[in-house]
$ cat data-v1.cif   # mmCIF, C-alpha atoms
data_query
#
loop_
_atom_site.label_atom_id
_atom_site.label_comp_id
_atom_site.auth_asym_id
_atom_site.auth_seq_id
_atom_site.Cartn_x
_atom_site.Cartn_y
_atom_site.Cartn_z
CA MET A 172 0.00 0.00 0.00
CA GLU A 173 2.95 2.33 0.66
CA THR A 174 3.93 2.04 -3.01
CA PHE A 175 0.46 2.95 -4.24
CA ILE A 176 0.25 5.92 -1.87
CA LYS A 177 3.49 7.23 -3.37
CA VAL A 178 1.98 6.83 -6.85
CA GLN A 179 -0.98 8.95 -5.77
CA ILE A 180 1.30 11.65 -4.37
CA HIS A 181 3.46 11.75 -7.51
CA ASN A 182 0.36 12.17 -9.66
CA LEU A 183 -1.51 14.82 -7.70
CA ASP A 184 -1.40 17.15 -10.70
CA ILE A 185 -3.52 14.79 -12.82
CA THR A 186 -5.65 13.22 -10.10
CA HIS A 187 -6.69 16.37 -8.26
CA ASP A 188 -6.71 19.13 -10.89
CA GLY A 189 -3.45 20.63 -9.79
CA ALA A 190 -4.02 20.26 -6.07
CA THR A 191 -0.86 20.32 -3.99
CA THR A 192 -2.16 18.53 -0.90
CA PHE A 193 -2.78 14.84 -0.55
CA LEU A 194 -6.44 13.93 -0.11
CA PRO A 195 -7.72 11.14 2.15
CA PHE A 196 -8.74 7.92 0.43
CA GLN A 197 -12.47 8.68 0.53
CA HIS A 198 -12.02 12.05 -1.28
CA ARG A 199 -9.83 10.90 -4.13
CA VAL A 200 -10.77 11.49 -7.72
CA SER A 201 -10.98 8.31 -9.80
CA ALA A 202 -8.20 8.73 -12.37
CA GLY A 203 -5.89 5.76 -12.01
CA ILE A 204 -5.58 2.52 -13.98
CA LEU A 205 -3.77 -0.40 -12.40
CA LEU A 206 -2.16 -2.49 -15.14
CA THR A 207 -1.57 -6.00 -13.86
CA SER A 208 -0.69 -9.54 -14.92
CA GLU A 209 -2.92 -11.13 -12.27
CA CYS A 210 -6.28 -12.43 -13.46
CA ASN A 211 -9.28 -12.87 -11.17
CA SER A 212 -7.22 -11.35 -8.36
CA GLU A 213 -8.61 -10.40 -4.98
CA ASN A 214 -5.47 -8.32 -4.42
CA VAL A 215 -6.13 -6.23 -7.53
CA GLU A 216 -9.77 -5.78 -6.56
CA HIS A 217 -8.78 -4.61 -3.08
CA VAL A 218 -6.27 -2.04 -4.34
CA CYS A 219 -8.67 -0.68 -6.96
CA GLU A 220 -11.47 -0.38 -4.42
CA GLU A 221 -9.18 1.34 -1.93
CA PHE A 222 -7.79 3.88 -4.40
CA LYS A 223 -10.80 4.21 -6.69
CA TRP A 224 -8.78 2.96 -9.65
CA LYS A 225 -9.79 0.79 -12.57
CA SER A 226 -7.87 -2.35 -13.48
CA ALA A 227 -6.51 -3.52 -16.83
CA TYR A 228 -5.06 -6.99 -17.38
CA TYR A 229 -2.75 -8.71 -19.83
CA PHE A 230 -0.77 -11.96 -19.63
CA PHE A 231 2.73 -10.55 -19.13
CA HIS A 232 4.33 -13.91 -18.35
CA GLY A 233 3.10 -15.28 -21.65
CA TRP A 234 5.00 -12.55 -23.47
CA ALA A 235 8.04 -13.16 -21.25
CA ALA A 236 8.06 -16.89 -22.05
CA LEU A 237 7.78 -16.26 -25.80
CA ASP A 238 10.78 -13.95 -25.53
CA TRP A 239 12.92 -16.07 -23.22
CA TYR A 240 12.32 -19.43 -24.92
CA ARG A 241 12.37 -18.28 -28.54
CA GLY A 242 14.60 -20.21 -30.92
CA TYR A 243 14.93 -23.40 -28.90
CA ASP A 244 12.71 -25.15 -31.43
CA LYS A 245 15.48 -24.59 -34.00
CA THR A 246 18.17 -26.30 -31.91
CA PHE A 247 19.24 -29.89 -31.25
CA LEU A 248 18.89 -29.38 -27.47
CA ILE A 249 15.31 -30.65 -27.26
CA LYS A 250 15.03 -34.31 -28.15
CA PRO A 251 12.21 -35.20 -30.59
CA ILE A 252 9.30 -36.72 -28.73
CA ASN A 253 9.26 -39.80 -30.96
CA ASP A 254 12.84 -40.61 -29.93
CA ARG A 255 12.37 -40.40 -26.17
CA ILE A 256 12.69 -43.35 -23.83
CA ILE A 257 10.87 -42.61 -20.57
CA MET A 258 12.95 -43.61 -17.56
CA GLN A 259 11.43 -41.47 -14.79
CA THR A 260 7.96 -40.35 -13.83
CA PHE A 261 8.63 -36.65 -13.35
CA ILE A 262 11.13 -33.84 -13.08
CA ALA A 263 10.63 -31.29 -10.28
CA PRO A 264 13.13 -28.44 -9.93
CA ASN A 265 12.88 -26.45 -6.69
CA ARG A 266 14.79 -23.30 -5.77
CA ILE A 267 12.85 -20.71 -3.74
CA VAL A 268 10.90 -22.84 -1.25
CA ALA A 269 10.28 -20.63 1.79
CA GLY A 270 8.33 -17.44 2.49
CA GLU A 271 5.37 -17.29 0.11
CA ARG A 272 6.50 -20.52 -1.58
CA LEU A 273 5.79 -23.01 1.20
CA HIS A 274 3.58 -25.01 -1.16
CA ARG A 275 6.81 -26.25 -2.74
CA LEU A 276 7.90 -27.68 0.60
CA GLU A 277 4.46 -29.28 0.91
CA MET A 278 4.96 -30.92 -2.45
CA LEU A 279 8.44 -32.09 -1.49
CA TYR A 280 7.03 -33.52 1.74
CA HIS A 281 4.73 -35.77 -0.29
CA ILE A 282 7.53 -36.68 -2.69
CA PHE A 283 9.77 -37.70 0.21
CA LYS A 284 7.02 -39.51 2.11
CA ASN A 285 5.90 -41.47 -0.94
CA ASN A 286 9.49 -42.53 -1.75
CA LEU A 287 9.53 -40.71 -5.08
CA THR A 288 13.04 -39.31 -4.73
CA HIS A 289 14.42 -41.58 -7.46
CA ASN A 290 12.83 -39.14 -9.90
CA HIS A 291 14.59 -35.98 -11.06
CA ILE A 292 14.12 -33.51 -8.21
CA SER A 293 16.12 -30.75 -6.60
CA CYS A 294 15.86 -29.10 -3.20
CA PRO A 295 18.20 -26.61 -1.48
CA ASP A 296 19.18 -26.81 2.16
CA MET A 297 18.93 -23.02 2.45
CA CYS A 298 16.30 -20.99 0.59
CA PRO A 299 18.34 -18.62 -1.63
CA ALA A 300 15.72 -15.86 -1.49
CA GLU A 301 14.52 -16.01 2.11
CA HIS A 302 17.91 -17.06 3.56
CA ILE A 303 16.28 -19.53 5.90
CA SER A 304 17.17 -23.18 6.30
CA ILE A 305 14.69 -25.71 4.99
CA HIS A 306 14.47 -27.35 8.41
CA ASP A 307 13.37 -24.03 9.93
CA ALA A 308 10.96 -23.26 7.08
CA ILE A 309 9.08 -26.56 7.41
CA LYS A 310 8.19 -25.78 11.03
CA LEU A 311 5.42 -23.54 9.67
CA LEU A 312 3.80 -26.66 8.20
CA ILE A 313 3.85 -28.86 11.32
CA GLY A 314 0.21 -28.06 12.06
CA LYS A 315 -0.83 -29.61 8.74
CA TYR A 316 1.83 -32.32 8.57
CA PRO A 317 2.90 -33.39 12.10
CA ASP A 318 5.56 -35.77 10.73
CA ILE A 319 7.14 -33.30 8.30
CA GLU A 320 10.27 -32.78 10.39
CA SER A 321 10.99 -36.50 10.61
CA ILE A 322 10.30 -36.96 6.88
CA PHE A 323 12.74 -34.21 5.93
CA ALA A 324 15.29 -35.43 8.48
CA GLN A 325 15.58 -38.64 6.46
CA GLN A 326 16.78 -36.69 3.41
CA THR A 327 20.29 -35.50 2.71
CA LEU A 328 20.05 -31.89 1.59
CA PRO A 329 20.76 -30.19 -0.70
CA ILE A 330 19.57 -32.35 -3.60
CA ASN A 331 21.11 -31.14 -6.85
CA PHE A 332 20.80 -32.09 -10.48
CA ALA A 333 23.90 -33.51 -12.12
CA ASN A 334 26.60 -30.90 -12.80
CA GLU A 335 24.66 -28.29 -10.81
CA THR A 336 25.32 -26.68 -7.45
CA ASP A 337 23.74 -23.88 -5.39
CA HIS A 338 20.42 -24.09 -7.28
CA PRO A 339 21.02 -21.35 -9.85
CA MET A 340 18.20 -19.25 -11.28
CA HIS A 341 16.84 -20.77 -14.52
CA SER A 342 13.84 -18.56 -15.19
CA CYS A 343 14.84 -16.95 -18.46
CA TRP A 344 16.21 -19.97 -20.32
CA LEU A 345 15.53 -23.66 -20.80
CA SER A 346 17.77 -26.25 -19.18
CA LEU A 347 17.89 -29.82 -17.83
CA PHE A 348 17.34 -31.18 -21.34
CA ASP A 349 18.51 -34.74 -20.63
CA GLU A 350 16.50 -35.07 -17.43
CA SER A 351 13.41 -33.67 -19.12
CA ALA A 352 13.72 -35.93 -22.16
CA GLU A 353 13.55 -39.09 -20.04
CA SER A 354 10.73 -37.91 -17.74
CA LEU A 355 7.05 -38.63 -18.32
CA LEU A 356 5.98 -35.20 -17.06
CA TYR A 357 7.19 -31.89 -15.68
CA LEU A 358 5.92 -31.04 -12.20
CA VAL A 359 5.43 -27.27 -12.30
CA THR A 360 5.36 -25.74 -8.82
CA GLU A 361 4.10 -22.30 -9.67
CA THR A 362 4.84 -19.03 -7.85
CA VAL A 363 1.29 -18.81 -6.49
CA ALA A 364 -0.68 -21.86 -5.33
CA THR A 365 -3.34 -20.53 -2.95
CA GLY A 366 -6.19 -18.06 -3.22
CA ARG A 367 -8.49 -17.12 -6.06
CA ARG A 368 -6.15 -15.37 -8.51
CA TRP A 369 -4.69 -16.98 -11.61
CA HIS A 370 -1.01 -16.19 -11.87
CA LEU A 371 0.84 -18.55 -14.18
CA THR A 372 4.43 -17.63 -14.95
CA GLU A 373 7.19 -18.73 -17.31
CA LYS A 374 7.46 -21.93 -15.23
CA THR A 375 4.29 -23.28 -16.84
CA PHE A 376 5.72 -22.74 -20.32
CA LYS A 377 8.97 -24.63 -19.68
CA PRO A 378 7.42 -28.08 -20.26
CA ILE A 379 5.49 -26.79 -23.26
CA ALA A 380 8.70 -25.46 -24.81
CA LEU A 381 10.51 -28.69 -23.86
CA GLY A 382 7.84 -30.83 -25.50
CA MET A 383 6.51 -32.43 -22.30
CA PRO A 384 3.28 -33.21 -20.47
CA PHE A 385 2.87 -31.35 -17.18
CA VAL A 386 1.08 -31.18 -13.86
CA ILE A 387 0.68 -27.71 -12.35
CA VAL A 388 0.84 -27.01 -8.63
CA GLY A 389 -0.97 -23.68 -8.86
CA THR A 390 -4.20 -22.03 -7.80
CA LYS A 391 -7.58 -23.62 -8.36
CA GLY A 392 -8.55 -23.47 -12.04
CA SER A 393 -5.02 -22.92 -13.37
CA LEU A 394 -5.40 -25.57 -16.07
CA GLY A 395 -8.65 -24.05 -17.27
CA TYR A 396 -7.00 -20.63 -17.34
CA LEU A 397 -4.17 -22.03 -19.47
CA ARG A 398 -6.64 -23.69 -21.83
CA SER A 399 -8.36 -20.33 -22.36
CA TYR A 400 -5.19 -19.28 -24.23
CA GLY A 401 -5.48 -22.15 -26.68
CA PHE A 402 -3.33 -24.77 -24.96
CA ARG A 403 -4.45 -28.29 -24.18
CA THR A 404 -3.92 -30.29 -21.00
CA PHE A 405 -3.93 -33.99 -20.20
CA GLY A 406 -7.33 -34.77 -18.69
CA ASP A 407 -7.94 -37.53 -21.22
CA ILE A 408 -4.74 -39.26 -20.14
CA TRP A 409 -4.71 -38.90 -16.34
CA ASP A 410 -6.86 -37.44 -13.60
CA GLU A 411 -6.82 -33.62 -13.67
CA SER A 412 -9.56 -33.18 -11.09
CA TYR A 413 -6.90 -31.69 -8.80
CA ASP A 414 -7.36 -28.45 -10.74
CA ASP A 415 -10.89 -28.10 -9.33
CA ALA A 416 -9.93 -29.01 -5.76
CA ASP A 417 -9.79 -26.50 -2.92
CA ASP A 418 -6.48 -25.24 -1.56
CA ASP A 419 -6.35 -27.62 1.40
CA VAL A 420 -6.56 -30.80 -0.71
CA ARG A 421 -5.15 -29.89 -4.13
CA ILE A 422 -1.54 -30.83 -3.34
CA GLU A 423 -2.67 -34.12 -1.79
CA LYS A 424 -4.54 -34.98 -5.01
CA ILE A 425 -1.47 -34.12 -7.08
CA ALA A 426 0.70 -36.28 -4.81
CA LYS A 427 -1.66 -39.23 -5.30
CA LEU A 428 -1.55 -38.76 -9.07
CA LEU A 429 2.26 -38.76 -9.04
CA LYS A 430 2.35 -41.87 -6.85
CA ASP A 431 -0.13 -43.70 -9.08
CA LEU A 432 1.89 -42.87 -12.19
CA ASP A 433 5.15 -43.78 -10.48
CA ASP A 434 3.79 -47.23 -9.59
CA LEU A 435 3.33 -48.06 -13.27
CA SER A 436 5.83 -50.15 -15.19
CA ALA A 437 8.33 -48.58 -17.56
CA ASP A 438 6.34 -49.87 -20.54
CA GLN A 439 3.13 -48.35 -19.19
CA LYS A 440 4.81 -44.97 -18.70
CA GLN A 441 6.13 -45.13 -22.23
CA GLN A 442 2.65 -45.87 -23.54
CA ILE A 443 1.19 -42.95 -21.59
CA PHE A 444 3.82 -40.62 -22.98
CA GLU A 445 3.11 -41.79 -26.50
CA SER A 446 -0.62 -41.28 -25.96
CA ALA A 447 0.18 -37.66 -25.04
CA HIS A 448 2.04 -36.93 -28.30
CA ASN A 449 -0.88 -35.14 -29.96
CA VAL A 450 -1.38 -32.77 -27.03
CA ILE A 451 2.37 -32.18 -26.70
CA GLN A 452 2.65 -31.38 -30.41
CA HIS A 453 -0.37 -29.08 -30.34
CA ASN A 454 1.06 -27.10 -27.41
CA TRP A 455 4.50 -26.92 -29.06
CA ASN A 456 3.02 -25.64 -32.32
CA HIS A 457 0.74 -23.19 -30.52
CA PHE A 458 3.69 -21.79 -28.58
CA TYR A 459 6.31 -21.70 -31.34
CA ASN A 460 4.28 -21.11 -34.51
CA GLY A 461 2.38 -17.95 -33.65
CA GLY A 462 -0.92 -19.20 -32.27
CA PHE A 463 -0.27 -18.17 -28.66
CA GLU A 464 1.23 -14.86 -29.76
CA SER A 465 -1.87 -14.01 -31.79
CA VAL A 466 -4.05 -14.65 -28.74
CA LEU A 467 -1.84 -12.40 -26.64
CA TRP A 468 -1.92 -9.63 -29.26
CA ALA A 469 -5.72 -9.75 -29.34
CA GLU A 470 -5.84 -9.60 -25.56
CA LEU A 471 -3.42 -6.68 -25.45
CA GLN A 472 -5.38 -4.75 -28.08
CA GLU A 473 -8.62 -5.36 -26.21
CA MET A 474 -7.00 -4.10 -23.01
CA LEU A 475 -5.70 -0.93 -24.68
CA ASN A 476 -9.07 -0.27 -26.31
CA GLY A 477 -10.70 -0.68 -22.92
CA ILE A 478 -8.38 1.95 -21.45
CA LYS A 479 -9.24 4.35 -24.30
CA LEU A 480 -12.96 3.88 -23.73
CA SER A 481 -12.68 4.30 -19.97
CA SER A 482 -10.70 7.51 -20.38
CA GLY A 483 -12.91 8.88 -23.15
CA SER A 484 -9.82 9.55 -25.27
CA ASP A 485 -9.41 9.17 -29.02
CA ASN A 486 -5.60 9.28 -28.70
#
$ encode --input "data-v1.cif" --output "structure tokens"
Amino acid sequence: METFIKVQIHNLDITHDGATTFLPFQHRVSAGILLTSECNSENVEHVCEEFKWKSAYYFFHGWAALDWYRGYDKTFLIKPINDRIIMQTFIAPNRIVAGERLHRLEMLYHIFKNNLTHNHISCPDMCPAEHISIHDAIKLLIGKYPDIESIFAQQTLPINFANETDHPMHSCWLSLFDESAESLLYLVTETVATGRRWHLTEKTFKPIALGMPFVIVGTKGSLGYLRSYGFRTFGDIWDESYDDADDDVRIEKIAKLLKDLDDLSADQKQQIFESAHNVIQHNWNHFYNGGFESVLWAELQEMLNGIKLSSGSDN
């Protein structure tokens, strides 16, 4: 809120007809537009109600992913899906796991408890953003998972991918090509996983750009939100009912899905991957051949037109 108050002060000349004193909230003139990349967001609604602003939305992280992952389809780094031999059930990179990202520790708890650590996972021993040890961070989850400390105590941390230390930031490029190519799916632990808002980031587009199926640990309805941009998901291949589950059970449903898939034989996993080829190829083409970009352009134009109409400007 301090940031938005400063915005109001810096724009007194346009919000209060040249006034030089700051007006209380209830006397403000409605002149602001909050441009945001959060859809269906209670946070945005609260700010706009408080400051008498209007909101405008576009999918920033979609544009970011198109920029960051461009050109990989022209390289040899991503193995053709027809040539892949599935050796593992999933890949699950984890870096920032404390603070507002405790859902990642919840997911790791289920991975550890269900003996799924033979898959490609990573986990730091110290959160690089919050500078708190994992063993201290998990104490906030004891109320929900009384055995979480003993489960984590059985693990040797950190867990790193081959040829990787200190859990480097990978947001703006693709990586882990070999691990991804032999995994049935990519477990996306998104930035936001609780509440009403839809806030998918570049993390969701990594498996799409790598030519992989995915499961998203995000907010309720995240898969439907992604499908609204022309992508397809994997509900015809495995149970995606987790996407409709409430916050307190969604991760448990995802953990059960991972366990069920992990219990399958290597041949069964290979067959499932092959049955996903059409969806994988559709998503790849939609991302790399202009379909997604055209949807984003239409959305951006609609947003800008909406701002023009709300301001009554022809400029």
$ closest_atom_pairs --input "data-v1.cif" --of "stretch 209-283 of chain A" --to "stretch 402-419 of chain A" --cutoff "12 Å" --atoms "all atoms listed in the file" --output "Markdown table"
| residue | atom | partner | partner_atom | distance |
| --- | --- | --- | --- | --- |
| A:Gly233 | CA | A:Phe402 | CA | 11.9 |
| A:His274 | CA | A:Asp418 | CA | 10.1 |
| A:Glu277 | CA | A:Asp419 | CA | 10.9 |
$ resolve_selection --input "data-v1.cif" --expression "the PyMOL selection byres ((chain A and resi 244) around 12)" --output "short mmCIF file (atom, residue, chain, number, x, y, z; two decimals) with C-alpha atoms, keeping the file's coordinate frame"
data_model
loop_
_atom_site.label_atom_id
_atom_site.label_comp_id
_atom_site.auth_asym_id
_atom_site.auth_seq_id
_atom_site.Cartn_x
_atom_site.Cartn_y
_atom_site.Cartn_z
CA LEU A 237 7.78 -16.26 -25.80
CA TYR A 240 12.32 -19.43 -24.92
CA ARG A 241 12.37 -18.28 -28.54
CA GLY A 242 14.60 -20.21 -30.92
CA TYR A 243 14.93 -23.40 -28.90
CA LYS A 245 15.48 -24.59 -34.00
CA THR A 246 18.17 -26.30 -31.91
CA PHE A 247 19.24 -29.89 -31.25
CA LEU A 248 18.89 -29.38 -27.47
CA ILE A 249 15.31 -30.65 -27.26
CA LYS A 250 15.03 -34.31 -28.15
CA PRO A 251 12.21 -35.20 -30.59
CA LEU A 345 15.53 -23.66 -20.80
CA ILE A 379 5.49 -26.79 -23.26
CA ALA A 380 8.70 -25.46 -24.81
CA LEU A 381 10.51 -28.69 -23.86
CA GLY A 382 7.84 -30.83 -25.50
CA GLN A 452 2.65 -31.38 -30.41
CA TRP A 455 4.50 -26.92 -29.06
CA ASN A 456 3.02 -25.64 -32.32
CA PHE A 458 3.69 -21.79 -28.58
CA TYR A 459 6.31 -21.70 -31.34
CA ASN A 460 4.28 -21.11 -34.51
#
$ resolve_selection --input "data-v1.cif" --expression "the PyMOL selection byres ((chain A and resi 362-365) around 6)" --output "list in words"
Glu361, Gly366, Gly389, Thr390 and Asp418 of chain A
$ atom_distance --input "data-v1.cif" --atom1 "atom CA of A:Gln259" --atom2 "atom CA of A:His448"
17.1 Å
$ resolve_selection --input "data-v1.cif" --expression "the PyMOL selection byres ((chain A and resi 369) around 10)" --output "ChimeraX atom specification"
/A:208-212,363-368,370-372,389-397
$ atom_distance --input "data-v1.cif" --atom1 "atom CA of A:Gly203" --atom2 "atom CA of A:Trp224"
4.7 Å
$ closest_residue --input "data-v1.cif" --among "A:Ser226, A:Ser399, A:Ser436, A:Thr336" --to "A:Ile478" --atoms "only C-alpha atoms"
A:Ser226
$ atom_distance --input "data-v1.cif" --atom1 "atom CA of A:Phe230" --atom2 "atom CA of A:Gln472"
12.0 Å
$ closest_residue --input "data-v1.cif" --among "A:Asn285, A:Tyr280, A:Ile387, A:Val178" --to "A:Lys315" --atoms "all atoms listed in the file"
A:Tyr280
$ closest_residue --input "data-v1.cif" --among "A:Trp239, A:Phe222, A:Tyr229, A:Phe323" --to "A:His341" --atoms "all atoms listed in the file"
A:Trp239
$ closest_atom_pairs --input "data-v1.cif" --of "stretch 271-305 of chain A" --to "stretch 354-357 of chain A" --cutoff "12 Å" --atoms "all atoms listed in the file" --output "CSV"
residue,atom,partner,partner_atom,distance
A:His289,CA,A:Ser354,CA,11.5
A:Asn290,CA,A:Ser354,CA,8.2
A:His291,CA,A:Ser354,CA,8.0
A:Ile292,CA,A:Tyr357,CA,10.3
$ residues_around --input "data-v1.cif" --residues "A:Ile282" --least-positions-apart "4" --cutoff "12 Å" --atoms "all atoms listed in the file" --output "PyMOL selection string"
chain A and resi 260-263+275-278+286-294+319+322-323+326+358+422-423+425-430+433
$ closest_residue --input "data-v1.cif" --among "A:Val268, A:Ala469, A:Ala352, A:Ile204" --to "A:Val218" --atoms "all atoms listed in the file"
A:Ile204
